Every structure is written in C-alpha cells, then in structure tokens.
Amino acid sequence: QVQLVESGGGLVQAGGSLRLSCVQSGTVFTINAMGWYRQAPGKEREMVALIFTNGHTNYADFVKGRFTISRGNAKNAVEMQMTSLEPEDTAVYYCNVQNLAGRQYWGQGTQVTVSS
C-alpha cells in the first residue's frame, strides 16, 4: 500500500519561510513525478511544484522565485523550501506522486498558515 507522509507545515508570519517534506512508502511503478499541490478554503486544488524523474522541475507562476522543490535525502522523498511567504499562500499542501500511466497518489495534507 502506497503512503505519502508530509511534514513541515505550520504557522508563519508574512515574509517568513517553511520547508515541507514528503516521504513515500510502498511501491509505485514507473514514477513520473513527485511534487506538491495546495487547496485553499473555497478554492480548487492547484499544482504548486513538480519534480520529474529526469530532474526537470515545473512551478506555478505564483511561486516562481519563492519556492524551490528538490528530491529529499531518502529514496522517494521530495521537499519544498518556501520563502517570502504571503497570506495568499495559506492552504493545505498535499504531496503528490504520479506514474507514467497517469495514476496519482496523495498524502493527507499539511496546513500552512501565513499571517499578515
């Protein structure tokens, strides 16, 4: 059974930083990408950043230059350094794994709250 366990969320003031981590357990065949999505209250879930198995990264326009995604030290782990956080970044952040067949796996989510 595949599990994605996130950590690192919390409360921070505007302009501050947080680092999210996600570790995958279980087997996912032909992983294509790992990354992060977020969902704010009353809004749809949206992609934040992805890192593909070839090292290519993809960022949403609203985080470019502020967030950095990278592979974690553990196998099948992903991290995201978030800097210059804004109140608009407040959301539940979900770890995501995608395989080449298009199947997606989700973590339980971690809350990030940015106060003004």
# chains A, B, ... in the order shown; residues from 1 in each chain; ligands from 1
>>> residues_around(residues="range 36-44 of chain A", least_positions_apart="6", cutoff="10 Å", atoms="only C-alpha atoms", output="ChimeraX atom specification")
/A:20-22,50-51,59-60,69,78-80,88-97,106-107,109-112
>>> residues_around(residues="Ala14 in chain A", least_positions_apart="2", cutoff="6 Å", atoms="only C-alpha atoms", output="PyMOL selection string")
chain A and resi 16+85-86+114-116
>>> atom_distance(atom1="CA of Gly72 in chain A", atom2="CA of Gln13 in chain A")
25.4 Å
>>> closest_residue(among="A:Val23, A:Ala33, A:Val28, A:Ala74", to="Gln1 in chain A", atoms="only C-alpha atoms")
A:Val28
>>> closest_residue(among="A:Gln108, A:Asn76, A:Gln81, A:Gln24", to="Val48 in chain A", atoms="only C-alpha atoms")
A:Gln81
>>> closest_residue(among="A:Ser84, A:Thr53, A:Asn32, A:Asn58", to="Ala101 in chain A", atoms="only C-alpha atoms")
A:Asn32
>>> atom_distance(atom1="CA of Ala77 in chain A", atom2="CA of Leu11 in chain A")
23.0 Å
>>> closest_residue(among="A:Leu100, A:Thr113, A:Pro87, A:Thr30", to="Gly8 in chain A", atoms="only C-alpha atoms")
A:Thr113
>>> select_by_dssp(residues="chain A", states="helix (DSSP H, G or I)", output="list of chain:residue names")
A:Asp61, A:Phe62, A:Val63, A:Pro87, A:Glu88, A:Asp89
>>> closest_residue(among="A:Gly55, A:Met47, A:Met82, A:Phe67", to="Gly9 in chain A", atoms="only C-alpha atoms")
A:Met82
